[in-house]
$ cat run.cif   # mmCIF, C-alpha atoms
data_input
loop_
_atom_site.group_PDB
_atom_site.id
_atom_site.type_symbol
_atom_site.label_atom_id
_atom_site.label_comp_id
_atom_site.auth_asym_id
_atom_site.auth_seq_id
_atom_site.Cartn_x
_atom_site.Cartn_y
_atom_site.Cartn_z
ATOM 1 C CA MET A 275 13.603 -15.658 12.582
ATOM 2 C CA LEU A 276 12.339 -13.775 15.613
ATOM 3 C CA THR A 277 14.677 -13.285 18.500
ATOM 4 C CA ASP A 278 13.394 -14.109 21.968
ATOM 5 C CA GLU A 279 13.466 -10.399 22.774
ATOM 6 C CA GLU A 280 11.345 -9.543 19.730
ATOM 7 C CA ALA A 281 8.845 -12.301 20.454
ATOM 8 C CA ALA A 282 8.470 -11.136 24.053
ATOM 9 C CA LEU A 283 8.018 -7.516 22.972
ATOM 10 C CA PHE A 284 5.330 -8.399 20.454
ATOM 11 C CA ALA A 285 3.556 -10.611 22.981
ATOM 12 C CA SER A 286 3.389 -7.786 25.524
ATOM 13 C CA GLY A 287 2.965 -4.869 23.116
ATOM 14 C CA ASN A 288 0.417 -6.595 20.850
ATOM 15 C CA PRO A 289 0.834 -4.595 17.614
ATOM 16 C CA LEU A 290 -2.050 -4.737 15.155
ATOM 17 C CA GLY A 291 0.192 -6.410 12.600
ATOM 18 C CA PHE A 292 3.542 -6.483 10.835
ATOM 19 C CA ILE A 293 5.186 -5.328 7.604
ATOM 20 C CA LEU A 294 7.995 -7.225 5.904
ATOM 21 C CA PHE A 295 10.973 -5.859 3.980
ATOM 22 C CA ALA A 296 13.768 -7.384 1.918
ATOM 23 C CA ARG A 297 15.892 -7.607 5.060
ATOM 24 C CA ASN A 298 13.355 -10.098 6.446
ATOM 25 C CA VAL A 299 13.401 -12.361 3.383
ATOM 26 C CA SER A 300 15.722 -15.156 2.358
ATOM 27 C CA ASP A 301 13.634 -18.034 0.976
ATOM 28 C CA PRO A 302 10.008 -19.231 1.021
ATOM 29 C CA ALA A 303 10.424 -21.706 3.874
ATOM 30 C CA GLN A 304 12.148 -19.142 6.085
ATOM 31 C CA LEU A 305 9.564 -16.477 5.313
ATOM 32 C CA SER A 306 6.632 -18.783 5.986
ATOM 33 C CA ARG A 307 8.126 -19.612 9.381
ATOM 34 C CA LEU A 308 8.631 -15.937 10.158
ATOM 35 C CA VAL A 309 5.028 -15.074 9.306
ATOM 36 C CA ARG A 310 3.818 -17.939 11.466
ATOM 37 C CA ASP A 311 6.052 -16.888 14.355
ATOM 38 C CA LEU A 312 4.904 -13.260 14.161
ATOM 39 C CA ARG A 313 1.263 -14.261 14.482
ATOM 40 C CA ARG A 314 2.095 -16.752 17.205
ATOM 41 C CA ALA A 315 3.860 -14.019 19.176
ATOM 42 C CA VAL A 316 0.701 -11.885 19.352
ATOM 43 C CA GLY A 317 -1.630 -14.869 19.683
ATOM 44 C CA ARG A 318 -3.794 -13.834 16.732
ATOM 45 C CA ALA A 319 -4.022 -15.924 13.594
ATOM 46 C CA ASP A 320 -5.651 -12.958 11.828
ATOM 47 C CA ALA A 321 -2.912 -10.414 12.626
ATOM 48 C CA PRO A 322 -2.306 -8.625 9.302
ATOM 49 C CA VAL A 323 1.063 -9.231 7.669
ATOM 50 C CA LEU A 324 1.901 -6.637 5.012
ATOM 51 C CA VAL A 325 4.435 -6.402 2.214
ATOM 52 C CA ASP A 326 5.233 -3.883 -0.531
ATOM 53 C CA GLN A 327 4.869 -5.981 -3.661
ATOM 54 C CA GLU A 328 3.916 -3.604 -6.447
ATOM 55 C CA GLY A 329 6.185 -5.110 -9.091
ATOM 56 C CA GLY A 330 9.083 -3.451 -10.864
ATOM 57 C CA ARG A 331 11.503 -1.730 -8.509
ATOM 58 C CA VAL A 332 9.147 -1.981 -5.518
ATOM 59 C CA GLN A 333 8.921 -5.652 -4.613
ATOM 60 C CA ARG A 334 10.333 -7.337 -1.541
ATOM 61 C CA LEU A 335 9.874 -10.881 -2.876
ATOM 62 C CA ARG A 336 12.317 -11.222 -5.764
ATOM 63 C CA PRO A 337 13.885 -13.822 -8.036
ATOM 64 C CA PRO A 338 15.048 -16.478 -7.944
ATOM 65 C CA ALA A 339 12.516 -17.613 -5.361
ATOM 66 C CA TRP A 340 9.716 -15.410 -6.681
ATOM 67 C CA ARG A 341 8.594 -13.997 -10.010
ATOM 68 C CA ALA A 342 9.873 -10.647 -11.272
ATOM 69 C CA ALA A 343 6.549 -8.856 -11.662
ATOM 70 C CA PRO A 344 6.464 -5.987 -14.171
ATOM 71 C CA PRO A 345 6.011 -2.380 -13.053
ATOM 72 C CA ALA A 346 2.605 -0.735 -13.332
ATOM 73 C CA ALA A 347 3.794 1.370 -16.272
ATOM 74 C CA ARG A 348 3.950 -1.792 -18.391
ATOM 75 C CA PHE A 349 0.174 -2.074 -18.180
ATOM 76 C CA ALA A 350 -0.234 1.615 -18.880
ATOM 77 C CA ASP A 351 1.797 1.185 -22.079
ATOM 78 C CA LEU A 352 -0.428 -1.697 -23.140
ATOM 79 C CA HIS A 353 -3.529 0.338 -22.321
ATOM 80 C CA ALA A 354 -2.620 2.963 -24.927
ATOM 81 C CA ALA A 355 -3.345 0.450 -27.717
ATOM 82 C CA HIS A 356 -5.430 -2.243 -26.032
ATOM 83 C CA PRO A 357 -7.382 -1.042 -22.967
ATOM 84 C CA ALA A 358 -9.248 -4.302 -22.354
ATOM 85 C CA ALA A 359 -6.055 -6.339 -22.609
ATOM 86 C CA ALA A 360 -4.355 -3.966 -20.167
ATOM 87 C CA ARG A 361 -7.142 -4.346 -17.620
ATOM 88 C CA GLU A 362 -6.978 -8.125 -17.887
ATOM 89 C CA ALA A 363 -3.196 -8.146 -17.654
ATOM 90 C CA ALA A 364 -3.151 -5.904 -14.571
ATOM 91 C CA ARG A 365 -5.670 -8.147 -12.841
ATOM 92 C CA LEU A 366 -3.834 -11.359 -13.761
ATOM 93 C CA ASN A 367 -0.509 -9.936 -12.605
ATOM 94 C CA ALA A 368 -2.050 -8.998 -9.268
ATOM 95 C CA ARG A 369 -3.548 -12.481 -8.918
ATOM 96 C CA LEU A 370 -0.081 -13.958 -9.367
ATOM 97 C CA ILE A 371 1.312 -11.605 -6.729
ATOM 98 C CA ALA A 372 -1.527 -12.564 -4.409
ATOM 99 C CA ALA A 373 -0.926 -16.272 -4.946
ATOM 100 C CA GLU A 374 2.732 -15.927 -3.985
ATOM 101 C CA CYS A 375 1.858 -13.901 -0.905
ATOM 102 C CA MET A 376 -0.945 -16.150 0.297
ATOM 103 C CA ALA A 377 1.316 -19.192 -0.007
ATOM 104 C CA LEU A 378 3.532 -17.504 2.603
ATOM 105 C CA GLY A 379 0.688 -16.353 4.861
ATOM 106 C CA ILE A 380 1.009 -12.700 3.797
ATOM 107 C CA ASP A 381 -2.484 -11.246 3.511
ATOM 108 C CA VAL A 382 -2.001 -7.511 2.808
ATOM 109 C CA VAL A 383 -0.153 -6.025 -0.183
ATOM 110 C CA CYS A 384 0.700 -2.327 -0.163
ATOM 111 C CA ALA A 385 -0.474 -1.726 -3.723
ATOM 112 C CA PRO A 386 -1.808 -0.429 -6.037
ATOM 113 C CA CYS A 387 -0.128 2.918 -6.437
ATOM 114 C CA ALA A 388 -2.914 5.242 -7.655
ATOM 115 C CA ASP A 389 -0.849 8.408 -7.975
ATOM 116 C CA VAL A 390 -1.057 10.496 -11.157
ATOM 117 C CA PRO A 391 2.466 11.589 -12.137
ATOM 118 C CA SER A 392 3.018 15.150 -13.287
ATOM 119 C CA PRO A 393 5.648 16.268 -15.817
ATOM 120 C CA GLY A 394 8.809 17.350 -14.046
ATOM 121 C CA ALA A 395 7.973 15.595 -10.780
ATOM 122 C CA HIS A 396 10.494 13.444 -8.928
ATOM 123 C CA ASP A 397 10.690 9.889 -10.278
ATOM 124 C CA VAL A 398 9.929 8.337 -6.874
ATOM 125 C CA ILE A 399 6.586 7.435 -8.468
ATOM 126 C CA GLY A 400 7.701 7.159 -12.099
ATOM 127 C CA ASP A 401 6.987 3.711 -13.522
ATOM 128 C CA ARG A 402 5.048 2.761 -10.404
ATOM 129 C CA ALA A 403 2.119 4.747 -11.835
ATOM 130 C CA HIS A 404 -0.664 2.966 -13.701
ATOM 131 C CA GLY A 405 -0.887 5.733 -16.290
ATOM 132 C CA ARG A 406 -0.308 9.381 -17.004
ATOM 133 C CA ASP A 407 -3.907 10.521 -16.543
ATOM 134 C CA ALA A 408 -6.427 10.054 -13.749
ATOM 135 C CA ALA A 409 -8.890 7.908 -15.719
ATOM 136 C CA THR A 410 -6.293 5.360 -16.827
ATOM 137 C CA VAL A 411 -4.756 5.221 -13.356
ATOM 138 C CA ALA A 412 -8.144 4.553 -11.778
ATOM 139 C CA GLU A 413 -8.991 1.891 -14.354
ATOM 140 C CA LEU A 414 -5.776 -0.097 -14.067
ATOM 141 C CA ALA A 415 -5.227 0.390 -10.331
ATOM 142 C CA GLY A 416 -8.775 -0.833 -9.828
ATOM 143 C CA ALA A 417 -8.061 -3.929 -11.923
ATOM 144 C CA ALA A 418 -4.929 -4.633 -9.889
ATOM 145 C CA ALA A 419 -6.844 -4.275 -6.628
ATOM 146 C CA GLU A 420 -9.506 -6.679 -7.873
ATOM 147 C CA GLY A 421 -6.805 -9.195 -8.766
ATOM 148 C CA LEU A 422 -5.469 -9.123 -5.216
ATOM 149 C CA MET A 423 -8.931 -9.418 -3.695
ATOM 150 C CA ASP A 424 -9.758 -12.328 -6.028
ATOM 151 C CA LEU A 425 -7.492 -14.430 -3.805
ATOM 152 C CA GLY A 426 -8.422 -12.839 -0.490
ATOM 153 C CA VAL A 427 -5.465 -10.432 -0.251
ATOM 154 C CA VAL A 428 -6.185 -6.930 1.060
ATOM 155 C CA PRO A 429 -4.955 -4.150 -1.273
ATOM 156 C CA VAL A 430 -3.723 -0.822 0.088
ATOM 157 C CA MET A 431 -4.104 2.071 -2.359
ATOM 158 C CA LYS A 432 -1.487 4.742 -2.030
ATOM 159 C CA HIS A 433 -0.536 7.564 -1.545
ATOM 160 C CA MET A 434 -3.575 9.679 -0.697
ATOM 161 C CA PRO A 435 -4.393 12.358 -1.694
ATOM 162 C CA GLY A 436 -1.683 11.988 -4.346
ATOM 163 C CA HIS A 437 2.104 11.831 -4.568
ATOM 164 C CA GLY A 438 2.399 12.393 -8.310
ATOM 165 C CA ARG A 439 3.249 16.114 -8.184
ATOM 166 C CA ALA A 440 5.966 15.748 -5.551
ATOM 167 C CA GLY A 441 9.268 17.281 -6.572
ATOM 168 C CA ALA A 442 11.208 15.324 -3.961
ATOM 169 C CA ASP A 443 11.410 11.790 -2.586
ATOM 170 C CA SER A 444 9.584 11.731 0.751
ATOM 171 C CA HIS A 445 11.917 8.975 1.937
ATOM 172 C CA ARG A 446 14.624 11.645 1.966
ATOM 173 C CA GLU A 447 12.928 15.032 2.422
ATOM 174 C CA LEU A 448 9.542 16.716 2.600
ATOM 175 C CA PRO A 449 7.982 17.377 -0.827
ATOM 176 C CA VAL A 450 5.931 20.567 -1.135
ATOM 177 C CA VAL A 451 3.062 20.795 -3.637
ATOM 178 C CA ASP A 452 1.731 24.204 -4.642
ATOM 179 C CA ALA A 453 -1.214 23.037 -6.767
ATOM 180 C CA SER A 454 -4.606 24.569 -6.084
ATOM 181 C CA ALA A 455 -7.266 22.653 -4.217
ATOM 182 C CA GLU A 456 -9.252 22.570 -7.468
ATOM 183 C CA ASP A 457 -6.399 20.869 -9.319
ATOM 184 C CA LEU A 458 -5.874 18.425 -6.476
ATOM 185 C CA ARG A 459 -9.554 17.499 -6.612
ATOM 186 C CA ALA A 460 -9.701 17.230 -10.385
ATOM 187 C CA ILE A 461 -6.478 15.310 -11.003
ATOM 188 C CA ASP A 462 -4.555 13.967 -8.023
ATOM 189 C CA ALA A 463 -7.529 12.855 -5.954
ATOM 190 C CA ALA A 464 -9.607 11.608 -8.884
ATOM 191 C CA PRO A 465 -8.341 7.979 -8.983
ATOM 192 C CA PHE A 466 -8.686 7.661 -5.218
ATOM 193 C CA ARG A 467 -12.221 9.037 -5.389
ATOM 194 C CA ALA A 468 -13.119 6.546 -8.131
ATOM 195 C CA LEU A 469 -11.720 3.665 -6.051
ATOM 196 C CA ALA A 470 -12.761 4.829 -2.578
ATOM 197 C CA GLY A 471 -15.646 2.387 -2.313
ATOM 198 C CA ARG A 472 -13.783 -0.524 -3.894
ATOM 199 C CA ILE A 473 -10.476 -0.723 -2.026
ATOM 200 C CA PRO A 474 -10.721 -1.321 1.731
ATOM 201 C CA TRP A 475 -7.329 0.008 2.908
ATOM 202 C CA GLY A 476 -5.466 3.170 1.984
ATOM 203 C CA MET A 477 -2.193 4.934 2.779
ATOM 204 C CA THR A 478 -1.381 8.604 3.224
ATOM 205 C CA ALA A 479 1.362 10.646 1.599
ATOM 206 C CA HIS A 480 4.118 12.513 3.446
ATOM 207 C CA VAL A 481 3.623 15.555 1.222
ATOM 208 C CA LEU A 482 2.835 19.121 2.207
ATOM 209 C CA TYR A 483 -0.079 20.400 0.114
ATOM 210 C CA ARG A 484 -0.110 24.164 0.605
ATOM 211 C CA ALA A 485 -3.710 24.466 -0.569
ATOM 212 C CA LEU A 486 -4.886 22.049 2.131
ATOM 213 C CA ASP A 487 -2.513 22.798 5.018
ATOM 214 C CA ALA A 488 0.383 25.197 4.682
ATOM 215 C CA GLN A 489 2.090 23.899 7.844
ATOM 216 C CA ARG A 490 1.711 20.123 8.124
ATOM 217 C CA PRO A 491 2.378 17.210 5.736
ATOM 218 C CA GLY A 492 -0.644 15.159 4.718
ATOM 219 C CA THR A 493 -0.056 12.271 7.119
ATOM 220 C CA ILE A 494 -0.159 14.519 10.187
ATOM 221 C CA SER A 495 -2.623 17.123 8.895
ATOM 222 C CA PRO A 496 -6.224 16.983 10.160
ATOM 223 C CA ALA A 497 -7.241 19.113 7.174
ATOM 224 C CA CYS A 498 -5.645 16.680 4.739
ATOM 225 C CA ILE A 499 -7.163 13.639 6.423
ATOM 226 C CA SER A 500 -10.553 15.396 6.292
ATOM 227 C CA PHE A 501 -9.968 15.908 2.560
ATOM 228 C CA ILE A 502 -9.340 12.150 2.214
ATOM 229 C CA ARG A 503 -12.458 11.276 4.179
ATOM 230 C CA ASP A 504 -14.847 13.935 2.891
ATOM 231 C CA GLU A 505 -13.664 14.977 -0.580
ATOM 232 C CA ILE A 506 -12.286 11.640 -1.710
ATOM 233 C CA GLY A 507 -14.936 9.749 0.242
ATOM 234 C CA PHE A 508 -12.616 7.082 1.616
ATOM 235 C CA ASP A 509 -14.056 5.345 4.682
ATOM 236 C CA GLY A 510 -11.670 2.406 4.707
ATOM 237 C CA LEU A 511 -8.789 1.702 7.063
ATOM 238 C CA LEU A 512 -6.253 4.510 6.664
ATOM 239 C CA LEU A 513 -2.560 3.782 7.304
ATOM 240 C CA SER A 514 0.172 6.329 7.563
ATOM 241 C CA ASP A 515 3.043 5.887 5.170
ATOM 242 C CA ASP A 516 6.210 4.755 6.958
ATOM 243 C CA LEU A 517 6.724 7.166 9.834
ATOM 244 C CA GLY A 518 10.462 6.570 9.704
ATOM 245 C CA MET A 519 10.833 8.522 6.471
ATOM 246 C CA ASN A 520 12.780 11.780 6.480
ATOM 247 C CA ALA A 521 9.842 13.873 5.249
ATOM 248 C CA LEU A 522 8.610 14.101 8.842
ATOM 249 C CA GLY A 523 10.194 15.807 11.835
ATOM 250 C CA GLY A 524 10.146 14.874 15.503
ATOM 251 C CA THR A 525 10.725 11.616 17.303
ATOM 252 C CA PRO A 526 9.048 8.376 16.226
ATOM 253 C CA ILE A 527 6.477 8.579 19.021
ATOM 254 C CA GLU A 528 5.730 12.232 18.214
ATOM 255 C CA ARG A 529 5.206 11.356 14.560
ATOM 256 C CA ALA A 530 2.949 8.430 15.381
ATOM 257 C CA ARG A 531 0.831 10.412 17.826
ATOM 258 C CA ALA A 532 0.496 13.235 15.314
ATOM 259 C CA ALA A 533 -0.635 10.821 12.589
ATOM 260 C CA LEU A 534 -3.282 9.265 14.824
ATOM 261 C CA ALA A 535 -4.422 12.653 16.098
ATOM 262 C CA ALA A 536 -4.796 13.865 12.509
ATOM 263 C CA GLY A 537 -7.144 10.983 11.730
ATOM 264 C CA CYS A 538 -5.025 8.056 10.521
ATOM 265 C CA ASP A 539 -6.323 4.742 11.841
ATOM 266 C CA VAL A 540 -2.962 2.973 11.937
ATOM 267 C CA ALA A 541 0.577 4.255 12.514
ATOM 268 C CA LEU A 542 3.053 2.379 10.320
ATOM 269 C CA HIS A 543 6.685 2.369 11.416
ATOM 270 C CA CYS A 544 9.090 0.241 9.435
ATOM 271 C CA ASP A 545 12.709 0.509 10.585
ATOM 272 C CA GLY A 546 12.533 -2.661 12.668
ATOM 273 C CA ALA A 547 14.618 -1.244 15.523
ATOM 274 C CA ILE A 548 13.516 -2.993 18.683
ATOM 275 C CA GLU A 549 13.938 0.018 20.983
ATOM 276 C CA THR A 550 11.846 2.194 18.668
ATOM 277 C CA SER A 551 9.209 -0.522 18.552
ATOM 278 C CA ARG A 552 9.223 -0.732 22.339
ATOM 279 C CA VAL A 553 8.594 3.010 22.688
ATOM 280 C CA LEU A 554 5.809 2.993 20.109
ATOM 281 C CA LEU A 555 4.039 -0.068 21.479
ATOM 282 C CA SER A 556 4.095 1.277 25.016
ATOM 283 C CA GLY A 557 3.094 4.805 24.042
ATOM 284 C CA LEU A 558 0.254 4.325 21.561
ATOM 285 C CA PRO A 559 -3.352 3.200 22.100
ATOM 286 C CA ALA A 560 -4.759 -0.079 20.865
ATOM 287 C CA LEU A 561 -6.976 0.002 17.791
ATOM 288 C CA GLY A 562 -10.523 0.924 18.730
ATOM 289 C CA GLY A 563 -13.560 3.006 17.861
ATOM 290 C CA GLU A 564 -13.961 3.947 14.206
ATOM 291 C CA ALA A 565 -10.603 2.405 13.320
ATOM 292 C CA ARG A 566 -11.736 -0.966 14.653
ATOM 293 C CA ARG A 567 -15.020 -0.644 12.759
ATOM 294 C CA ARG A 568 -13.153 0.042 9.532
ATOM 295 C CA LEU A 569 -10.821 -2.924 10.068
ATOM 296 C CA ASP A 570 -13.738 -5.252 10.738
ATOM 297 C CA ALA A 571 -15.602 -3.938 7.698
ATOM 298 C CA SER A 572 -12.588 -4.507 5.476
ATOM 299 C CA ARG A 573 -12.361 -8.126 6.547
ATOM 300 C CA ARG A 574 -15.966 -8.700 5.530
ATOM 301 C CA ARG A 575 -15.284 -7.257 2.082
ATOM 302 C CA VAL A 576 -12.230 -9.308 1.136
ATOM 303 C CA GLY A 577 -12.338 -13.042 0.642
ATOM 304 C CA PRO A 578 -11.098 -15.584 -1.896
ATOM 305 C CA ARG A 579 -13.276 -15.571 -5.013
ATOM 306 C CA VAL A 580 -11.441 -17.822 -7.450
ATOM 307 C CA PRO A 581 -9.270 -20.948 -7.179
ATOM 308 C CA VAL A 582 -5.574 -20.465 -7.821
ATOM 309 C CA ASP A 583 -4.476 -21.383 -11.344
ATOM 310 C CA ALA A 584 -1.106 -19.676 -11.543
ATOM 311 C CA GLN A 585 0.164 -21.556 -14.584
ATOM 312 C CA VAL A 586 -2.821 -20.553 -16.707
ATOM 313 C CA TRP A 587 -2.730 -16.970 -15.424
ATOM 314 C CA ARG A 588 0.964 -16.598 -16.163
ATOM 315 C CA GLY A 589 0.600 -17.993 -19.652
ATOM 316 C CA ARG A 590 -2.255 -15.627 -20.411
ATOM 317 C CA LEU A 591 -0.394 -12.666 -18.889
ATOM 318 C CA ASP A 592 2.711 -13.375 -20.952
ATOM 319 C CA ALA A 593 0.591 -13.561 -24.095
ATOM 320 C CA LEU A 594 -1.127 -10.259 -23.345
ATOM 321 C CA LEU A 595 2.153 -8.470 -22.667
ATOM 322 C CA ALA A 596 3.592 -9.931 -25.872
ATOM 323 C CA GLY A 597 0.644 -8.628 -27.859
ATOM 324 C CA ILE A 598 -0.684 -12.078 -28.727
ATOM 325 C CA PRO A 599 -4.490 -11.997 -29.188
ATOM 326 C CA ALA A 600 -6.770 -14.307 -27.283
ATOM 327 C CA PRO A 601 -7.446 -17.660 -29.017
#
$ encode --input "run.cif" --output "structure tokens"
Amino acid sequence: MLTDEEAALFASGNPLGFILFARNVSDPAQLSRLVRDLRRAVGRADAPVLVDQEGGRVQRLRPPAWRAAPPAARFADLHAAHPAAAREAARLNARLIAAECMALGIDVVCAPCADVPSPGAHDVIGDRAHGRDAATVAELAGAAAEGLMDLGVVPVMKHMPGHGRAGADSHRELPVVDASAEDLRAIDAAPFRALAGRIPWGMTAHVLYRALDAQRPGTISPACISFIRDEIGFDGLLLSDDLGMNALGGTPIERARAALAAGCDVALHCDGAIETSRVLLSGLPALGGEARRRLDASRRRVGPRVPVDAQVWRGRLDALLAGIPAP
């Protein structure tokens, strides 16, 4: 639950929205109350509430209260033999994730991961990837995004312009990628380019791409953000990855200001420390201009398209993953 101090801070600071982590979760009733209280604190029923719920090792809602969703690599494995079944399975799995989130009031899921993993890279992406090549990643990540949007949940594709070559975990240190700009365009950026007009929100990568900016990681690099906007063609709402990660230097407010100055629309800070939140909320501008336009446009693009039928979806998903053909 929110403390009185947190509620007062959010009421005065008016953040755009909130992101939830495992530390915020105990059971469905508690989490529903928390989501309600967060929106009540800022006085906006449409304040976005985000969660990382990819499946596999990256999911904040876990058994026994919630389903153990498979990692993206499970659909990539299926795709090798049955591409159509893999697309259907990825979409159904995402619908089930969306149904669980919407039941709690959570309306943004930080997925799909559209990174293309490279041999020898750090396994921070690993089985979170929807394939080993750009075409398969784009196909299955797109299906997952559609499954979320089928129920009115906003997907966030990550990590632009690509985390798959990183030789380090950006939670712990700054990865450096030496690939040429041509290789970045042809491989790493390709799934994001294919999905740029289909997925309304995106997230940056805390990776230094020497070919794009030899000094600054992607999240705080104007050149890298220009690459995302111009080369990838993404005009959706662009979030920084968590600014509390060790890949970045400086204080939290310096990191956030650098991300916004580089061209990110939203600064995402996730450690939950109230004093850090106080500094950020008092020191950063409210959403406006092009960022506000992109947020408003994303809301017009995402709305519930199908009624929830979780039992049928789960049965069909289980059959697909078991290799049972359609009746």
$ residues_near_point --input "run.cif" --point "(-9.1, 22.1, -5.3)" --cutoff "12 Å" --atoms "all atoms listed in the file" --output "ChimeraX atom specification"
/A:435,452-464,483-486,498,501,505-506
$ atom_distance --input "run.cif" --atom1 "atom CA of Glu413 of chain A" --atom2 "atom CA of Arg361 of chain A"
7.3 Å
$ atom_distance --input "run.cif" --atom1 "atom CA of Glu374 of chain A" --atom2 "atom CA of Pro581 of chain A"
13.4 Å
$ resolve_selection --input "run.cif" --expression "the PyMOL selection byres ((chain A and resi 298) around 12)" --output "PyMOL selection string"
chain A and resi 275-276+292-297+299-302+304-309+312+325+334-335+544-546
$ closest_residue --input "run.cif" --among "A:Ala419, A:Cys384, A:Ala479, A:Val576" --to "Glu362 of chain A" --atoms "all atoms listed in the file"
A:Ala419
$ residues_around --input "run.cif" --residues "Ser495 of chain A" --least-positions-apart "2" --cutoff "9 Å" --atoms "only C-alpha atoms" --output "list in words"
Leu482, Leu486, Asp487, Gln489, Arg490, Pro491, Gly492, Thr493, Ala497, Cys498, Ile499, Ser500, Ala532, Ala533, Ala535, Ala536 and Gly537 of chain A
$ closest_residue --input "run.cif" --among "A:Pro578, A:Gly562, A:Gly379, A:Gly291" --to "Ala303 of chain A" --atoms "all atoms listed in the file"
A:Gly379
$ atom_distance --input "run.cif" --atom1 "atom CA of Pro465 of chain A" --atom2 "atom CA of Leu534 of chain A"
24.4 Å
$ build_atoms --input "run.cif" --residues "segment 485-504 of chain A" --atoms "N, CA and C atoms" --output "short mmCIF file (atom, residue, chain, number, x, y, z; two decimals), in the frame of the given file"
data_model
loop_
_atom_site.label_atom_id
_atom_site.label_comp_id
_atom_site.auth_asym_id
_atom_site.auth_seq_id
_atom_site.Cartn_x
_atom_site.Cartn_y
_atom_site.Cartn_z
N ALA A 485 -2.31 24.09 -0.44
CA ALA A 485 -3.71 24.47 -0.57
C ALA A 485 -4.59 23.82 0.50
N LEU A 486 -4.11 22.74 1.10
CA LEU A 486 -4.89 22.05 2.13
C LEU A 486 -4.41 22.38 3.54
N ASP A 487 -3.10 22.49 3.71
CA ASP A 487 -2.51 22.80 5.02
C ASP A 487 -1.11 23.31 4.77
N ALA A 488 -0.90 24.58 4.99
CA ALA A 488 0.38 25.20 4.68
C ALA A 488 1.48 24.85 5.68
N GLN A 489 1.13 24.16 6.78
CA GLN A 489 2.09 23.90 7.84
C GLN A 489 2.46 22.43 8.00
N ARG A 490 1.50 21.52 7.77
CA ARG A 490 1.71 20.12 8.12
C ARG A 490 1.59 19.20 6.92
N PRO A 491 2.49 18.21 6.80
CA PRO A 491 2.38 17.21 5.74
C PRO A 491 1.08 16.42 5.87
N GLY A 492 0.64 15.84 4.76
CA GLY A 492 -0.64 15.16 4.72
C GLY A 492 -0.87 14.15 5.82
N THR A 493 0.11 13.33 6.13
CA THR A 493 -0.06 12.27 7.12
C THR A 493 -0.41 12.80 8.50
N ILE A 494 0.08 13.98 8.84
CA ILE A 494 -0.16 14.52 10.19
C ILE A 494 -1.04 15.76 10.16
N SER A 495 -1.77 15.95 9.05
CA SER A 495 -2.62 17.12 8.90
C SER A 495 -4.09 16.75 9.03
N PRO A 496 -4.79 17.24 10.07
CA PRO A 496 -6.22 16.98 10.16
C PRO A 496 -6.99 17.47 8.93
N ALA A 497 -6.56 18.60 8.35
CA ALA A 497 -7.24 19.11 7.17
C ALA A 497 -7.08 18.16 5.99
N CYS A 498 -5.89 17.60 5.84
CA CYS A 498 -5.64 16.68 4.74
C CYS A 498 -6.40 15.36 4.94
N ILE A 499 -6.42 14.87 6.17
CA ILE A 499 -7.16 13.64 6.42
C ILE A 499 -8.66 13.89 6.22
N SER A 500 -9.15 15.06 6.58
CA SER A 500 -10.55 15.40 6.29
C SER A 500 -10.81 15.42 4.79
N PHE A 501 -9.85 15.92 4.02
CA PHE A 501 -9.97 15.91 2.56
C PHE A 501 -10.09 14.47 2.06
N ILE A 502 -9.29 13.57 2.61
CA ILE A 502 -9.34 12.15 2.21
C ILE A 502 -10.70 11.55 2.57
N ARG A 503 -11.19 11.85 3.75
CA ARG A 503 -12.46 11.28 4.18
C ARG A 503 -13.65 11.91 3.47
N ASP A 504 -13.65 13.23 3.36
CA ASP A 504 -14.85 13.94 2.89
C ASP A 504 -14.84 14.19 1.39
#
